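Novice: Next comes upload_4.txt, compact mmCIF, C-alpha atoms:
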# COMPACT_ATOMS: atom_id res chain seq x y z
CA MET I 30 51.75 284.23 -9.87
CA THR I 31 50.77 281.19 -7.83
CA LYS I 32 48.04 281.79 -5.25
CA TYR I 33 48.35 280.29 -1.80
CA CYS I 34 46.34 280.38 1.39
CA LEU I 35 47.41 280.12 5.00
CA THR I 36 45.05 278.77 7.66
CA VAL I 37 45.73 279.36 11.34
CA THR I 38 44.07 278.36 14.61
CA CYS I 39 45.44 279.11 18.05
CA THR I 40 44.64 280.74 21.36
CA SER I 41 43.71 284.37 20.92
CA THR I 42 46.33 286.85 22.02
CA ARG I 43 47.80 290.20 21.01
CA GLY I 44 50.13 290.38 18.00
CA ILE I 45 49.05 287.37 15.93
CA VAL I 46 47.84 289.29 12.88
CA ALA I 47 50.85 291.61 12.97
CA ALA I 48 53.27 288.68 13.15
CA ILE I 49 51.63 286.84 10.24
CA SER I 50 51.42 289.97 8.08
CA ALA I 51 55.04 290.85 8.78
CA PHE I 52 56.19 287.32 7.93
CA LEU I 53 54.39 287.31 4.59
CA ALA I 54 55.71 290.76 3.66
CA GLU I 55 59.26 289.82 4.62
CA ASN I 56 59.03 286.69 2.47
CA GLY I 57 57.88 288.45 -0.68
CA CYS I 58 54.18 287.66 -0.37
CA ASN I 59 51.27 289.96 -1.16
CA ILE I 60 48.01 289.47 0.78
CA THR I 61 44.96 289.48 -1.51
CA ASP I 62 42.22 288.45 0.91
CA SER I 63 42.03 287.94 4.67
CA SER I 64 39.45 286.81 7.24
CA GLN I 65 39.83 286.37 10.98
CA PHE I 66 37.67 285.64 14.00
CA ASP I 67 38.23 285.77 17.75
CA ASP I 68 35.80 283.60 19.69
CA MET I 69 35.37 285.48 22.94
CA GLU I 70 33.68 282.51 24.63
CA THR I 71 36.34 279.88 23.89
CA GLY I 72 39.36 282.16 23.52
CA ASN I 73 40.15 280.61 20.13
CA PHE I 74 41.52 282.53 17.15
CA PHE I 75 40.91 281.61 13.52
CA MET I 76 42.42 283.10 10.37
CA ARG I 77 42.53 282.45 6.63
CA ILE I 78 44.75 284.51 4.33
CA SER I 79 45.00 284.34 0.54
CA PHE I 80 48.23 285.65 -0.93
CA THR I 81 50.57 285.50 -3.89
CA SER I 82 54.29 284.85 -3.72
CA GLU I 83 56.23 287.41 -5.71
CA THR I 84 59.48 285.51 -5.18
CA GLY I 85 58.31 282.06 -6.23
CA ALA I 86 58.38 280.52 -2.74
CA ASP I 87 56.55 277.21 -2.44
CA PRO I 88 54.41 275.96 0.49
CA ALA I 89 57.17 273.71 1.82
CA ALA I 90 59.65 276.59 2.04
CA LEU I 91 57.06 278.90 3.59
CA THR I 92 56.09 276.23 6.12
CA GLU I 93 59.68 275.81 7.25
CA ALA I 94 60.30 279.55 7.46
CA PHE I 95 57.07 280.11 9.39
CA THR I 96 58.00 277.71 12.20
CA PRO I 97 59.34 280.36 14.63
CA VAL I 98 56.14 282.42 14.30
CA ALA I 99 53.95 279.34 14.73
CA THR I 100 55.93 278.18 17.74
CA LYS I 101 55.68 281.55 19.45
CA PHE I 102 51.88 281.50 19.30
CA ASP I 103 51.43 277.70 19.51
CA MET I 104 49.59 277.66 16.18
CA ASN I 105 47.98 274.90 14.18
CA TYR I 106 48.64 276.10 10.65
CA ALA I 107 49.03 275.01 7.04
CA PHE I 108 50.02 276.57 3.73
CA HIS I 109 48.00 275.45 0.70
CA ASP I 110 48.44 275.89 -3.04
CA GLU I 111 45.01 277.09 -4.19
CA ALA I 112 45.52 275.48 -7.61
CA THR I 113 45.68 272.01 -6.04
CA LYS I 114 42.27 270.36 -6.03
CA MET I 115 41.19 268.46 -2.94
CA LYS I 116 40.66 264.73 -3.48
CA VAL I 117 37.16 263.61 -2.52
CA VAL I 118 35.34 260.29 -2.19
CA ILE I 119 31.55 260.51 -2.60
CA MET I 120 29.27 257.96 -0.95
CA VAL I 121 25.68 257.53 -2.11
CA SER I 122 22.79 255.09 -1.78
CA ARG I 123 19.62 255.35 -3.88
CA PHE I 124 18.86 259.09 -3.91
CA GLY I 125 21.05 260.53 -6.67
CA HIS I 126 20.17 264.22 -6.72
CA CYS I 127 23.21 265.34 -4.72
CA LEU I 128 25.58 263.01 -6.59
CA ASN I 129 24.44 264.24 -10.00
CA ASP I 130 24.64 267.86 -8.90
CA LEU I 131 28.20 267.39 -7.64
CA LEU I 132 29.29 265.59 -10.80
CA TYR I 133 28.08 268.54 -12.86
CA ARG I 134 29.63 271.20 -10.63
CA VAL I 135 32.98 269.41 -10.68
CA ARG I 136 32.80 268.94 -14.45
CA ILE I 137 32.41 272.70 -15.05
CA GLY I 138 35.00 273.63 -12.45
CA ALA I 139 32.57 275.19 -9.98
CA LEU I 140 33.96 273.06 -7.14
CA PRO I 141 37.75 272.90 -6.58
CA VAL I 142 37.78 269.16 -5.96
CA GLU I 143 38.75 265.96 -7.75
CA ILE I 144 36.31 263.10 -7.26
CA VAL I 145 38.65 260.13 -6.99
CA ALA I 146 35.97 257.51 -6.30
CA VAL I 147 32.27 257.00 -5.73
CA ILE I 148 31.20 254.33 -3.24
CA SER I 149 27.68 252.96 -2.99
CA ASN I 150 25.88 250.11 -1.31
CA HIS I 151 23.78 249.74 -4.47
CA MET I 152 24.49 249.56 -8.23
CA ASP I 153 22.02 252.28 -9.28
CA TYR I 154 24.61 254.91 -10.22
CA GLN I 155 27.42 252.78 -11.60
CA LYS I 156 26.80 253.81 -15.20
CA VAL I 157 26.56 257.56 -14.57
CA VAL I 158 29.73 257.48 -12.45
CA VAL I 159 31.75 255.42 -14.93
CA ASN I 160 30.55 257.67 -17.77
CA ASN I 161 32.22 260.53 -15.88
CA ASP I 162 35.51 258.56 -15.87
CA ILE I 163 35.37 258.07 -12.10
CA PRO I 164 36.00 254.71 -10.39
CA PHE I 165 32.84 253.19 -8.91
CA HIS I 166 32.90 250.81 -5.94
CA CYS I 167 29.82 248.88 -4.83
CA ILE I 168 30.33 247.88 -1.20
CA LYS I 169 27.31 246.13 0.24
CA VAL I 170 26.59 246.80 3.91
CA THR I 171 24.69 244.48 6.25
CA LYS I 172 24.58 244.10 10.01
CA ALA I 173 26.78 241.05 9.67
CA ASN I 174 29.51 242.54 7.48
CA LYS I 175 29.59 246.18 8.61
CA PRO I 176 33.17 246.10 10.01
CA GLN I 177 34.46 244.48 6.82
CA ALA I 178 32.49 246.93 4.65
CA GLU I 179 33.91 249.94 6.49
CA ALA I 180 37.41 248.47 6.17
CA ALA I 181 36.85 248.23 2.42
CA ILE I 182 35.61 251.84 2.35
CA MET I 183 38.67 253.04 4.25
CA GLN I 184 40.91 251.08 1.89
CA VAL I 185 39.46 253.08 -1.03
CA VAL I 186 40.00 256.32 0.89
CA VAL I 187 43.62 255.48 1.67
CA GLU I 188 44.49 254.16 -1.79
CA THR I 189 43.03 257.23 -3.54
CA GLY I 190 44.61 259.69 -1.12
CA ALA I 191 41.21 261.24 -0.44
CA GLU I 192 41.16 264.15 1.98
CA LEU I 193 37.37 264.31 2.33
CA ILE I 194 34.42 261.89 2.33
CA VAL I 195 31.08 263.32 1.19
CA LEU I 196 27.91 261.50 2.22
CA ALA I 197 25.65 262.49 -0.68
CA ARG I 198 22.54 260.87 0.79
CA TYR I 199 24.37 257.72 1.88
CA MET I 200 21.77 255.90 3.93
CA GLN I 201 24.03 253.93 6.26
CA ILE I 202 25.17 254.92 9.75
CA LEU I 203 28.95 255.04 10.07
CA SER I 204 30.60 253.44 13.08
CA ASP I 205 31.95 255.53 15.96
CA ASP I 206 35.44 254.30 15.04
CA MET I 207 35.21 255.58 11.47
CA CYS I 208 33.72 258.91 12.60
CA THR I 209 36.59 259.38 15.06
CA LYS I 210 39.26 258.31 12.58
CA MET I 211 37.95 260.75 9.94
CA SER I 212 36.99 263.58 12.30
CA GLY I 213 36.57 266.83 10.39
CA LYS I 214 36.90 264.96 7.08
CA ILE I 215 33.37 263.66 6.51
CA ILE I 216 30.52 265.94 5.40
CA ASN I 217 26.86 264.87 5.46
CA ILE I 218 23.61 266.34 4.13
CA HIS I 219 20.06 265.87 5.40
CA HIS I 220 16.77 267.69 5.75
CA SER I 221 16.52 270.36 8.44
CA PHE I 222 13.45 268.95 10.19
CA LEU I 223 15.44 267.21 12.91
CA PRO I 224 14.58 266.64 15.70
CA SER I 225 10.92 267.36 14.88
CA PHE I 226 10.30 264.82 12.11
CA LYS I 227 12.47 261.76 12.57
CA GLY I 228 12.31 258.43 10.78
CA ALA I 229 10.69 257.59 7.47
CA ASN I 230 9.06 260.13 5.15
CA PRO I 231 10.01 263.34 6.96
CA TYR I 232 8.62 265.46 4.11
CA LYS I 233 5.25 263.69 4.41
CA GLN I 234 5.29 264.32 8.15
CA ALA I 235 6.07 268.00 7.50
CA PHE I 236 3.23 268.21 4.96
CA GLU I 237 0.80 266.75 7.46
CA ARG I 238 1.84 269.38 10.02
CA GLY I 239 1.49 272.19 7.47
CA VAL I 240 5.01 273.59 7.81
CA LYS I 241 5.80 276.73 5.81
CA LEU I 242 9.58 276.33 5.58
CA ILE I 243 11.59 273.27 4.60
CA GLY I 244 15.33 273.14 4.32
CA ALA I 245 18.60 271.27 4.52
CA THR I 246 21.64 271.08 6.79
CA SER I 247 25.18 270.06 5.92
CA HIS I 248 27.52 269.22 8.78
CA TYR I 249 30.66 267.40 9.78
CA VAL I 250 29.98 263.83 10.83
CA THR I 251 30.53 262.78 14.42
CA ALA I 252 29.55 259.75 16.46
CA ASP I 253 26.41 261.67 17.51
CA LEU I 254 24.05 260.92 14.62
CA ASP I 255 23.15 264.04 12.60
CA GLU I 256 24.43 266.32 15.38
CA GLY I 257 27.88 267.25 14.09
CA PRO I 258 29.14 270.84 13.69
CA ILE I 259 27.00 272.63 11.09
CA ILE I 260 28.73 274.08 8.02
CA GLU I 261 25.82 275.29 5.86
CA GLN I 262 22.02 275.55 5.98
CA ASP I 263 19.25 276.96 3.81
CA THR I 264 15.46 276.97 3.51
CA VAL I 265 12.75 277.19 0.87
CA ARG I 266 9.20 278.40 1.49
CA VAL I 267 6.21 276.13 0.84
CA THR I 268 2.46 276.76 0.97
CA HIS I 269 -0.76 274.92 1.80
CA ALA I 270 -1.33 274.37 -1.94
CA GLN I 271 1.70 272.15 -2.42
CA SER I 272 1.71 268.37 -2.19
CA PRO I 273 4.02 266.02 -0.27
CA GLU I 274 5.71 265.29 -3.61
CA ASP I 275 6.36 269.02 -4.06
CA TYR I 276 7.97 269.08 -0.62
CA VAL I 277 10.29 266.23 -1.62
CA SER I 278 11.27 267.88 -4.91
CA LEU I 279 11.94 271.27 -3.34
CA GLY I 280 13.75 269.62 -0.45
CA ARG I 281 16.06 267.67 -2.73
CA ASP I 282 16.91 270.84 -4.64
CA VAL I 283 17.92 272.73 -1.49
CA GLU I 284 19.83 269.68 -0.23
CA SER I 285 21.95 269.72 -3.39
CA GLN I 286 22.71 273.42 -3.05
CA VAL I 287 23.55 273.27 0.64
CA LEU I 288 25.86 270.28 0.24
CA ALA I 289 27.71 271.94 -2.65
CA ARG I 290 28.21 275.11 -0.60
CA ALA I 291 29.51 273.13 2.37
CA ILE I 292 32.01 271.28 0.17
CA HIS I 293 33.05 274.58 -1.41
CA ALA I 294 33.77 276.05 2.03
CA HIS I 295 35.75 272.99 3.13
CA ALA I 296 37.71 272.66 -0.10
CA HIS I 297 38.65 276.34 0.00
CA ARG I 298 39.84 275.89 3.60
CA ARG I 299 37.19 278.35 4.83
CA ALA I 300 35.57 276.03 7.39
CA PHE I 301 37.14 275.55 10.82
CA LEU I 302 35.98 273.27 13.61
CA ASN I 303 35.28 275.20 16.80
CA GLY I 304 34.13 272.69 19.39
CA ASN I 305 30.53 271.76 18.60
CA LYS I 306 30.30 274.60 16.07
CA THR I 307 32.19 275.83 13.03
CA VAL I 308 33.72 279.07 11.87
CA VAL I 309 33.02 279.53 8.15
CA PHE I 310 34.67 282.53 6.47
CA PRO I 311 33.24 284.25 3.37
CA ALA I 312 34.47 283.07 -0.01
CA SER I 313 37.43 284.88 -1.54
CA PRO I 314 36.74 287.01 -4.65
CA GLY I 315 36.59 284.84 -7.75
CA SER I 316 36.34 281.52 -5.92
CA TYR I 317 32.83 280.83 -7.23
CA SER I 318 33.78 281.30 -10.88
CA SER I 319 33.64 278.22 -13.11
CA GLU I 320 36.26 277.12 -15.60
CA ARG I 321 33.51 276.65 -18.18
CA MET I 322 29.75 276.91 -18.32
CA GLY I 323 28.32 273.65 -19.63
Take the structure in the file and give it back as structure tokens.
Specialist:
Amino acid sequence: MTKYCLTVTCTSTRGIVAAISAFLAENGCNITDSSQFDDMETGNFFMRISFTSETGADPAALTEAFTPVATKFDMNYAFHDEATKMKVVIMVSRFGHCLNDLLYRVRIGALPVEIVAVISNHMDYQKVVVNNDIPFHCIKVTKANKPQAEAAIMQVVVETGAELIVLARYMQILSDDMCTKMSGKIINIHHSFLPSFKGANPYKQAFERGVKLIGATSHYVTADLDEGPIIEQDTVRVTHAQSPEDYVSLGRDVESQVLARAIHAHAHRRAFLNGNKTVVFPASPGSYSSERMG
């Protein structure tokens, strides 16, 4: 049977879960996994439900039938076919660790996405991208041509039907206009030293201060540089005996992992914007399994 998921956000009130559960049961659907969260501070309600349709209903029919329930509770909601892979555009500059990690994870089916294009402001990764049968676009960015470059980027996004842009160590600042236009649809990755070690060589700065933990943060992009709602974070321990180069190597490894987990959460519709924060539900059983290993 086809697996679907329903995502819901609305103002918290009594009866939401009962109404959704009753609707699914009445329409021949069996709930297989469910997560919900009431934010007591904002009064917002969030829910994600995985289910199977035992009657063969499709998302369009379920969406239409669900309208009275959604209207009653003033919901933002969507039904998704879990077999449909999200279309993603990856943007990268000259650090390729995250790009290569994502290409591998997608190739083995560990991430439920389809990479429809890779955009870079350099030619370094053209060969590796093309060898993966993915279109590569080199769009140079300068102070003089930035509006035109972003227009070209957005043209790729529109033409490919991409639902998400991933900044896999793309070392250009996006305009406020692009951040607003793609709100909640751009994910970035960077080290977790901010705001302590800004600027060039943050790992060298951390080494000189003798830090014991280094890490990475993945977040949604907003006009506030590197301050968007956080989706995923992780750390790795370092010691006095390690070199600045060790810091960089360990840091790049954790960056790759954190970015992949953030994309996994977004692609599985587990991540919800909640003001300046996010609500990220646990993964459904089986969602980390790969189609093949290798």
Novice: Calculated over all atoms listed in the file, which of the candidates I:Thr36, I:Thr113, I:Asn56, I:Thr100 has the smallest distance to Gly85 (chain I)?
Specialist: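 Of all the options, I:Asn56 lies closest to Gly85 (chain I).
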Novice: Fewer than 4 positions away in the same chain doesn't count, so skip those; otherwise give me all residues within 9 Å of Asn105 (chain I), counting all atoms listed in the file, as an MDAnalysis selection string.
Specialist: chainID I and resid 36:39 99
Novice: List every residue of region 219-283 of chain I that has an atom at most 12 Å from any atom of region 126-134 of chain I, giving for each one its closest atom pair and the distance in Å to one decimal, counting all atoms listed in the file, sorted by chain and then by ascending residue number, as JSON lines.
Specialist:
{"residue": "I:His219", "atom": "CA", "partner": "I:Cys127", "partner_atom": "CA", "distance": 10.6}
{"residue": "I:Ala245", "atom": "CA", "partner": "I:Cys127", "partner_atom": "CA", "distance": 11.9}
{"residue": "I:Ser247", "atom": "CA", "partner": "I:Cys127", "partner_atom": "CA", "distance": 11.8}
{"residue": "I:Val277", "atom": "CA", "partner": "I:His126", "partner_atom": "CA", "distance": 11.3}
{"residue": "I:Ser278", "atom": "CA", "partner": "I:His126", "partner_atom": "CA", "distance": 9.8}
{"residue": "I:Leu279", "atom": "CA", "partner": "I:His126", "partner_atom": "CA", "distance": 11.4}
{"residue": "I:Gly280", "atom": "CA", "partner": "I:His126", "partner_atom": "CA", "distance": 10.5}
{"residue": "I:Arg281", "atom": "CA", "partner": "I:His126", "partner_atom": "CA", "distance": 6.7}
{"residue": "I:Asp282", "atom": "CA", "partner": "I:His126", "partner_atom": "CA", "distance": 7.7}
{"residue": "I:Val283", "atom": "CA", "partner": "I:Cys127", "partner_atom": "CA", "distance": 9.6}
Novice: May I ask which of the residues I:Pro88, I:Pro164, I:Gly315, I:Gly72 is the closest one to Ser41 (chain I), counting only C-alpha atoms?
Specialist: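 Using only C-alpha atoms, Ser41 (chain I) sits closest to I:Gly72.
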Novice: Which residues, written as an mmCIF file with C-alpha atoms, in the frame of the given file, have at least one atom at most 10 Å from Ala89 (chain I), with only C-alpha atoms counted and residues fewer than 5 positions away on the same chain left out?
Specialist:
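Output below, filename out02.cif:
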data_model
loop_
_atom_site.group_PDB
_atom_site.id
_atom_site.type_symbol
_atom_site.label_atom_id
_atom_site.label_comp_id
_atom_site.auth_asym_id
_atom_site.auth_seq_id
_atom_site.Cartn_x
_atom_site.Cartn_y
_atom_site.Cartn_z
ATOM 1 C CA ALA I 94 60.300 279.550 7.460
ATOM 2 C CA PHE I 95 57.070 280.110 9.390
ATOM 3 C CA ALA I 107 49.030 275.010 7.040
ATOM 4 C CA PHE I 108 50.020 276.570 3.730
ATOM 5 C CA HIS I 109 48.000 275.450 0.700
#
Novice: For CA of Ile163 (chain I) and CA of Glu192 (chain I), quote the distance in Å rounded to one decimal.
Specialist: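 Going from CA of Ile163 (chain I) over to CA of Glu192 (chain I) covers 16.4 Å.
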Novice: If you measure from CA of His295 (chain I) to CA of Phe310 (chain I), what distance in Å do you get, rounded to one decimal?
Specialist: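 Between these atoms lies a distance of 10.2 Å.
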Novice: Pick the closest to Gly239 (chain I) from I:Gln262, I:Asn174, I:Gln271, I:Ser212: which is it, counting all atoms listed in the file?
Specialist: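 Using all atoms listed in the file, Gly239 (chain I) sits closest to I:Gln271.
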Novice: Neighbouring residues of Phe102 (chain I) were defined as those with any atom within 12 Å, considering only C-alpha atoms; residues of the same chain fewer than 5 positions away were excluded. Please report them as number ranges by chain.
Specialist: I: 37-49, 73-74, 95-97
Novice: Any chance you could export the current selection's C-alpha atoms as an mmCIF file, keeping the file's coordinate frame?
Specialist:
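Now in part20.cif:
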data_model
loop_
_atom_site.group_PDB
_atom_site.id
_atom_site.type_symbol
_atom_site.label_atom_id
_atom_site.label_comp_id
_atom_site.auth_asym_id
_atom_site.auth_seq_id
_atom_site.Cartn_x
_atom_site.Cartn_y
_atom_site.Cartn_z
ATOM 1 C CA VAL I 37 45.730 279.360 11.340
ATOM 2 C CA THR I 38 44.070 278.360 14.610
ATOM 3 C CA CYS I 39 45.440 279.110 18.050
ATOM 4 C CA THR I 40 44.640 280.740 21.360
ATOM 5 C CA SER I 41 43.710 284.370 20.920
ATOM 6 C CA THR I 42 46.330 286.850 22.020
ATOM 7 C CA ARG I 43 47.800 290.200 21.010
ATOM 8 C CA GLY I 44 50.130 290.380 18.000
ATOM 9 C CA ILE I 45 49.050 287.370 15.930
ATOM 10 C CA VAL I 46 47.840 289.290 12.880
ATOM 11 C CA ALA I 47 50.850 291.610 12.970
ATOM 12 C CA ALA I 48 53.270 288.680 13.150
ATOM 13 C CA ILE I 49 51.630 286.840 10.240
ATOM 14 C CA ASN I 73 40.150 280.610 20.130
ATOM 15 C CA PHE I 74 41.520 282.530 17.150
ATOM 16 C CA PHE I 95 57.070 280.110 9.390
ATOM 17 C CA THR I 96 58.000 277.710 12.200
ATOM 18 C CA PRO I 97 59.340 280.360 14.630
#
Novice: With all atoms listed in the file as the counted atoms, please give the residues lying no more than 12 Å from Asp87 (chain I), apart from itself and same-chain residues fewer than 5 positions off, as a CSV table (one decimal) with C-alpha atoms, keeping the file's coordinate frame.
Specialist:
chain,number,residue,atom,x,y,z
I,30,MET,CA,51.8,284.2,-9.9
I,31,THR,CA,50.8,281.2,-7.8
I,32,LYS,CA,48.0,281.8,-5.2
I,33,TYR,CA,48.4,280.3,-1.8
I,34,CYS,CA,46.3,280.4,1.4
I,56,ASN,CA,59.0,286.7,2.5
I,57,GLY,CA,57.9,288.4,-0.7
I,58,CYS,CA,54.2,287.7,-0.4
I,80,PHE,CA,48.2,285.6,-0.9
I,81,THR,CA,50.6,285.5,-3.9
I,82,SER,CA,54.3,284.8,-3.7
I,92,THR,CA,56.1,276.2,6.1
I,93,GLU,CA,59.7,275.8,7.2
I,94,ALA,CA,60.3,279.6,7.5
I,108,PHE,CA,50.0,276.6,3.7
I,109,HIS,CA,48.0,275.4,0.7
I,110,ASP,CA,48.4,275.9,-3.0
I,111,GLU,CA,45.0,277.1,-4.2
Novice: Report the distance between CA of Ser122 (chain I) and CA of Cys167 (chain I) in Å, rounded to one decimal place.
Specialist: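 Distance reported for this atom pair: 9.9 Å.
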Novice: Have a look at I:Val240, I:Val117, I:Ile216, I:Met69 and name the one nearest to Glu261 (chain I); count only C-alpha atoms.
Specialist: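 When distances to Glu261 (chain I) are compared using only C-alpha atoms, the smallest one comes from I:Ile216.
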Novice: Give me the residues within 10 Å of Thr171 (chain I) as a PyMOL selection string, counting all atoms listed in the file and dropping any in the same chain fewer than 5 places off.
Specialist: chain I and resi 150+176-178+201
Novice: Would you mind telling me which residue in I:Val118, I:Val308, I:Ile137, I:Ile260 lies nearest to Val187 (chain I) when using only C-alpha atoms?
Specialist: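 Result for the nearest residue to Val187 (chain I): I:Val118.
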Novice: Can you work out which one of I:Ala51, I:Ala270, I:Ile78, I:Ile202 has the shortest atom-to-atom distance to Ser64 (chain I), counting only C-alpha atoms?
Specialist: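 Under the stated criterion, the closest residue is I:Ile78.
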Novice: What box, with edges along x, y and z, holds each listed atom of region 86-102 of chain I when 5 Å is added on every side, and can you state its centre and edge lengths in Å to one decimal, as AutoDock Vina command-line options?
Specialist:
--center_x 56.1 --center_y 278.1 --center_z 8.4 --size_x 18.4 --size_y 18.7 --size_z 32.2
Novice: Using only C-alpha atoms - which residues lie no farther than 8 Å from the point (27.8, 270.4, 1.3) in the file's frame? Write them as a ChimeraX atom specification.
Specialist: /I:195,216-218,247-248,260-261,285-293
